[in-house]
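So this one's coords28.cif, mmCIF, C-alpha atoms:
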```
data_model
#
loop_
_atom_site.label_atom_id
_atom_site.label_comp_id
_atom_site.auth_asym_id
_atom_site.auth_seq_id
_atom_site.Cartn_x
_atom_site.Cartn_y
_atom_site.Cartn_z
CA VAL A 1 2.81 41.77 -66.97
CA ASN A 2 5.43 43.68 -65.02
CA ASN A 3 7.66 40.66 -64.32
CA ILE A 4 8.45 39.91 -67.97
CA ILE A 5 11.64 41.45 -69.35
CA ASN A 6 11.50 42.72 -72.88
CA ALA A 7 14.82 41.41 -74.23
CA ALA A 8 14.92 43.91 -77.05
CA SER A 9 14.84 46.92 -74.74
CA PHE A 10 16.51 45.63 -71.56
CA THR A 11 19.97 46.84 -70.61
CA CYS A 12 21.86 46.47 -67.38
CA ASP A 13 23.64 49.77 -66.77
CA ALA A 14 26.41 50.44 -64.25
CA THR A 15 23.91 50.74 -61.38
CA CYS A 16 22.22 47.49 -62.38
CA GLN A 17 25.60 45.74 -62.61
CA SER A 18 26.63 47.10 -59.22
CA ASN A 19 23.39 45.80 -57.71
CA VAL A 20 23.91 42.36 -59.23
CA ARG A 21 27.49 42.22 -57.93
CA SER A 22 26.32 43.29 -54.49
CA ALA A 23 23.47 40.76 -54.50
CA TRP A 24 26.00 38.01 -55.27
CA ASN A 25 29.04 39.18 -53.31
CA THR A 26 27.32 39.99 -50.01
CA PRO A 27 26.19 36.41 -49.20
CA ILE A 28 29.37 35.03 -50.80
CA GLY A 29 31.37 37.27 -48.46
CA TYR A 30 29.56 35.74 -45.49
CA ALA A 31 30.16 32.25 -46.86
CA ASN A 32 33.86 32.97 -47.39
CA SER A 33 34.10 34.36 -43.88
CA TRP A 34 32.63 31.11 -42.60
CA LEU A 35 35.08 29.14 -44.77
CA ASN A 36 37.94 31.13 -43.27
CA GLU A 37 36.79 30.11 -39.78
CA PHE A 38 36.45 26.54 -41.02
CA ARG A 39 40.04 26.68 -42.33
CA ASN A 40 41.22 27.95 -38.95
CA VAL A 41 39.68 24.87 -37.33
CA ILE A 42 40.38 22.20 -39.94
CA LYS A 43 44.01 23.05 -40.77
CA PRO A 44 45.36 22.27 -37.27
CA LEU A 45 43.37 19.02 -37.27
CA VAL A 46 44.75 17.99 -40.66
CA ASP A 47 48.28 18.99 -39.65
CA GLY A 48 47.89 17.15 -36.35
CA ALA A 49 46.81 13.95 -38.08
CA PHE A 50 49.60 14.09 -40.63
CA ASN A 51 52.20 15.02 -38.01
CA ALA A 52 51.07 12.16 -35.75
CA ALA A 53 51.36 9.69 -38.62
CA SER A 54 54.74 11.11 -39.58
CA GLY A 55 55.90 10.87 -35.97
CA ALA A 56 54.77 7.25 -35.79
CA LEU A 57 56.73 6.45 -38.95
CA THR A 58 59.78 8.24 -37.56
CA GLY A 59 59.49 6.32 -34.28
CA ALA A 60 59.13 3.00 -36.07
CA GLY A 61 62.12 3.85 -38.28
CA THR A 62 64.21 4.72 -35.23
CA ALA A 63 63.25 1.45 -33.53
CA LEU A 64 64.19 -0.52 -36.64
CA THR A 65 67.54 1.28 -36.88
CA GLN A 66 68.30 0.59 -33.23
CA PHE A 67 67.35 -3.08 -33.57
CA SER A 68 69.54 -3.39 -36.66
CA THR A 69 72.40 -1.80 -34.72
CA VAL A 70 71.99 -4.33 -31.90
CA LEU A 71 71.95 -7.18 -34.41
CA GLY A 72 75.07 -5.71 -36.00
CA SER A 73 76.82 -5.76 -32.63
CA VAL A 74 75.78 -9.38 -32.04
CA ASN A 75 77.02 -10.25 -35.51
CA GLY A 76 80.32 -8.55 -34.73
CA TYR A 77 80.81 -10.88 -31.77
CA LEU A 78 79.82 -13.91 -33.85
CA ASN A 79 82.40 -12.98 -36.47
CA ASP A 80 85.16 -12.68 -33.91
CA PRO A 81 88.05 -14.99 -35.00
CA ILE A 82 87.57 -17.26 -31.98
CA MET A 83 83.74 -17.41 -32.14
CA LYS A 84 83.67 -17.78 -35.89
CA ASN A 85 84.99 -21.33 -35.75
CA LEU A 86 82.33 -22.62 -33.37
CA PRO A 87 79.82 -24.97 -35.06
CA GLY A 88 76.63 -23.33 -36.36
CA LEU A 89 77.60 -19.73 -35.62
CA SER A 90 78.32 -18.89 -39.23
CA THR A 91 74.74 -19.92 -40.10
CA ILE A 92 73.39 -17.73 -37.32
CA SER A 93 75.60 -14.89 -38.49
CA SER A 94 74.35 -15.13 -42.07
CA LYS A 95 70.72 -15.19 -40.82
CA ILE A 96 71.40 -12.07 -38.78
CA THR A 97 72.84 -10.40 -41.89
CA GLU A 98 69.70 -11.35 -43.85
CA GLY A 99 67.55 -10.02 -41.03
CA ARG A 100 69.43 -6.72 -40.98
CA THR A 101 68.94 -6.39 -44.73
CA ALA A 102 65.20 -6.96 -44.30
CA ILE A 103 65.09 -4.44 -41.45
CA ASN A 104 66.94 -1.84 -43.52
CA ASN A 105 64.54 -2.42 -46.44
CA ALA A 106 61.60 -1.93 -44.09
CA LYS A 107 63.18 1.28 -42.76
CA ASN A 108 63.62 2.55 -46.32
CA SER A 109 59.96 1.79 -47.02
CA LEU A 110 58.94 3.73 -43.92
CA ASP A 111 61.06 6.66 -45.07
CA GLY A 112 59.33 6.53 -48.47
CA TRP A 113 55.90 6.50 -46.82
CA LYS A 114 56.90 9.46 -44.70
CA THR A 115 58.00 11.45 -47.77
CA SER A 116 54.73 10.57 -49.51
CA LEU A 117 52.79 11.57 -46.40
CA GLN A 118 54.53 14.96 -46.32
CA THR A 119 53.58 15.52 -49.98
CA HIS A 120 49.94 14.69 -49.21
CA GLN A 121 50.01 17.04 -46.22
CA ALA A 122 51.31 19.88 -48.38
CA ASN A 123 48.62 19.18 -51.00
CA ALA A 124 45.90 19.07 -48.34
CA ASN A 125 47.07 22.38 -46.89
CA THR A 126 47.11 23.96 -50.35
CA ALA A 127 43.56 22.76 -50.99
CA ILE A 128 42.41 24.06 -47.61
CA SER A 129 44.02 27.45 -48.15
CA GLU A 130 42.46 27.83 -51.62
CA LEU A 131 38.98 26.87 -50.49
CA GLN A 132 36.66 29.81 -51.17
CA PHE A 133 33.61 30.82 -53.15
CA PRO A 134 34.12 33.11 -56.16
CA THR A 135 33.04 36.74 -56.05
CA LEU A 136 31.96 38.82 -59.01
CA THR A 137 34.39 41.58 -59.92
CA THR A 138 32.93 42.24 -63.35
CA PHE A 139 29.46 41.49 -64.59
CA THR A 140 27.98 41.61 -68.06
CA PHE A 141 24.32 40.95 -68.54
CA ALA A 142 23.21 39.84 -71.97
CA ILE A 143 20.09 38.24 -73.33
CA SER A 144 20.32 36.48 -76.64
#
```
With the file now loaded, output its structure as structure tokens.
Amino acid sequence: VNNIINAASFTCDATCQSNVRSAWNTPIGYANSWLNEFRNVIKPLVDGAFNAASGALTGAGTALTQFSTVLGSVNGYLNDPIMKNLPGLSTISSKITEGRTAINNAKNSLDGWKTSLQTHQANANTAISELQFPTLTTFTFAIS
């Protein structure tokens, strides 16, 4: 039967190896070309999503900072020597201080999330850039 290979006498010479490489690499080349186009489409989408999330975190952090600043100004007035002696204002002032601490902690958390998000974005971009099918550069055919 012509389709059976006699393992004892079969060798894959340079021409055979070249043909095998070509048979593998040609469709792989097309697939990698498609992957390259896919990367060109997916990378801006991934970056856009990460950048939007990062921008939202930045905006939220800015809002928290501004609110804390306003509370700090209010607290400054409450701690004025004349205002300070009015009944109940010291309690309000201490609650504002607690609130500012909580706001600053929340802002620090947002900053941490943003840093983590940037790390994930870099990892995603690395994975996207490395996405490709392997080609054969060397080929050894052996039957044992």
- request: Quote the spacing between atom CA of Asn36 of chain A and atom CA of Trp24 of chain A in Å to one decimal place.
  value: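 Atom CA of Asn36 of chain A sits 18.3 Å away from atom CA of Trp24 of chain A.
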Run the PyMOL selection byres ((chain A and resi 47) around 12) on the file and write out the hits as a VMD selection string. chain A and resid 39 to 46 48 to 55 117 to 118 120 to 126 128
Can you write just those residues out, C-alpha atoms, as an mmCIF file, in the coordinates of the input?
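Listing of result_9.cif after writing:
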```cif
data_model
loop_
_atom_site.group_PDB
_atom_site.id
_atom_site.type_symbol
_atom_site.label_atom_id
_atom_site.label_comp_id
_atom_site.auth_asym_id
_atom_site.auth_seq_id
_atom_site.Cartn_x
_atom_site.Cartn_y
_atom_site.Cartn_z
ATOM 1 C CA ARG A 39 40.040 26.680 -42.330
ATOM 2 C CA ASN A 40 41.220 27.950 -38.950
ATOM 3 C CA VAL A 41 39.680 24.870 -37.330
ATOM 4 C CA ILE A 42 40.380 22.200 -39.940
ATOM 5 C CA LYS A 43 44.010 23.050 -40.770
ATOM 6 C CA PRO A 44 45.360 22.270 -37.270
ATOM 7 C CA LEU A 45 43.370 19.020 -37.270
ATOM 8 C CA VAL A 46 44.750 17.990 -40.660
ATOM 9 C CA GLY A 48 47.890 17.150 -36.350
ATOM 10 C CA ALA A 49 46.810 13.950 -38.080
ATOM 11 C CA PHE A 50 49.600 14.090 -40.630
ATOM 12 C CA ASN A 51 52.200 15.020 -38.010
ATOM 13 C CA ALA A 52 51.070 12.160 -35.750
ATOM 14 C CA ALA A 53 51.360 9.690 -38.620
ATOM 15 C CA SER A 54 54.740 11.110 -39.580
ATOM 16 C CA GLY A 55 55.900 10.870 -35.970
ATOM 17 C CA LEU A 117 52.790 11.570 -46.400
ATOM 18 C CA GLN A 118 54.530 14.960 -46.320
ATOM 19 C CA HIS A 120 49.940 14.690 -49.210
ATOM 20 C CA GLN A 121 50.010 17.040 -46.220
ATOM 21 C CA ALA A 122 51.310 19.880 -48.380
ATOM 22 C CA ASN A 123 48.620 19.180 -51.000
ATOM 23 C CA ALA A 124 45.900 19.070 -48.340
ATOM 24 C CA ASN A 125 47.070 22.380 -46.890
ATOM 25 C CA THR A 126 47.110 23.960 -50.350
ATOM 26 C CA ILE A 128 42.410 24.060 -47.610
#
```
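Comparing the minimum interatomic distances between Gly72 of chain A and each of A:Asn25, A:Leu110, A:Lys95, A:Glu37, counting only C-alpha atoms, we find that A:Lys95 sits nearest.
In this model, the gap between atom CA of Arg100 of chain A and atom CA of Thr65 of chain A comes to 9.2 Å.
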Could you list as a ChimeraX atom specification every residue that has an atom within 6 Å of (29.1, 29.3, -50.2), using the file's coordinates and counting all atoms listed in the file?
-> /A:28,31,133
Could you write those residues out with C-alpha atoms, as a tab-separated table (two decimals), keeping the file's coordinate frame?
```tsv
chain	number	residue	atom	x	y	z
A	28	ILE	CA	29.37	35.03	-50.80
A	31	ALA	CA	30.16	32.25	-46.86
A	133	PHE	CA	33.61	30.82	-53.15
```
ask   = Within 12 Å of Asn104 of chain A, counting all atoms listed in the file, which residues qualify if same-chain residues fewer than 6 places away don't, as a ChimeraX atom specification?
value = /A:60-69,71-72,97-98,110-111
Between atom CA of Asn75 of chain A and atom CA of Ser94 of chain A lies a distance of 8.6 Å
Original post:
Taking into account only C-alpha atoms, which residue in the set A:Thr11, A:Ser18, A:Ser73, A:Asn79 is nearest to Thr137 of chain A?
Top reply: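 Ranked by minimum distance to Thr137 of chain A, first place goes to A:Ser18.
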Hey, could you pull the box centre and edge lengths for segment 49-57 of chain A, axis-aligned, 4 Å padding per side, all listed atoms, to one decimal in Å, as JSON?
```
{"center_x": 51.8, "center_y": 10.7, "center_z": -38.2, "size_x": 17.9, "size_y": 16.6, "size_z": 12.9}
```
How would you write, as a PyMOL selection string, the residues chosen by the PyMOL selection byres ((chain A and resi 21) around 9) on this structure?
chain A and resi 16-20+22-26+135-139
Dump of C-alpha atoms for the selected residues, as an mmCIF file, in the coordinates of the input:
```
data_model
loop_
_atom_site.group_PDB
_atom_site.id
_atom_site.type_symbol
_atom_site.label_atom_id
_atom_site.label_comp_id
_atom_site.auth_asym_id
_atom_site.auth_seq_id
_atom_site.Cartn_x
_atom_site.Cartn_y
_atom_site.Cartn_z
ATOM 1 C CA CYS A 16 22.220 47.490 -62.380
ATOM 2 C CA GLN A 17 25.600 45.740 -62.610
ATOM 3 C CA SER A 18 26.630 47.100 -59.220
ATOM 4 C CA ASN A 19 23.390 45.800 -57.710
ATOM 5 C CA VAL A 20 23.910 42.360 -59.230
ATOM 6 C CA SER A 22 26.320 43.290 -54.490
ATOM 7 C CA ALA A 23 23.470 40.760 -54.500
ATOM 8 C CA TRP A 24 26.000 38.010 -55.270
ATOM 9 C CA ASN A 25 29.040 39.180 -53.310
ATOM 10 C CA THR A 26 27.320 39.990 -50.010
ATOM 11 C CA THR A 135 33.040 36.740 -56.050
ATOM 12 C CA LEU A 136 31.960 38.820 -59.010
ATOM 13 C CA THR A 137 34.390 41.580 -59.920
ATOM 14 C CA THR A 138 32.930 42.240 -63.350
ATOM 15 C CA PHE A 139 29.460 41.490 -64.590
#
```
### Query
Nearest to Gly59 of chain A among A:Thr119, A:Lys84, A:Pro134, A:Lys107, with distances taken over only C-alpha atoms: which residue is it?
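Checking each of A:Thr119, A:Lys84, A:Pro134, A:Lys107 against Gly59 of chain A, counting only C-alpha atoms, the winner is A:Lys107.
Here the question is which of A:Thr58, A:Ser33, A:Ser93, A:Thr15 gets nearest to Ser109 of chain A using all atoms listed in the file, and that residue is A:Thr58.
Using all atoms listed in the file, the nearest neighbour of Leu89 of chain A within the list A:Leu35, A:Ile103, A:Val74, A:Leu131 is A:Val74.
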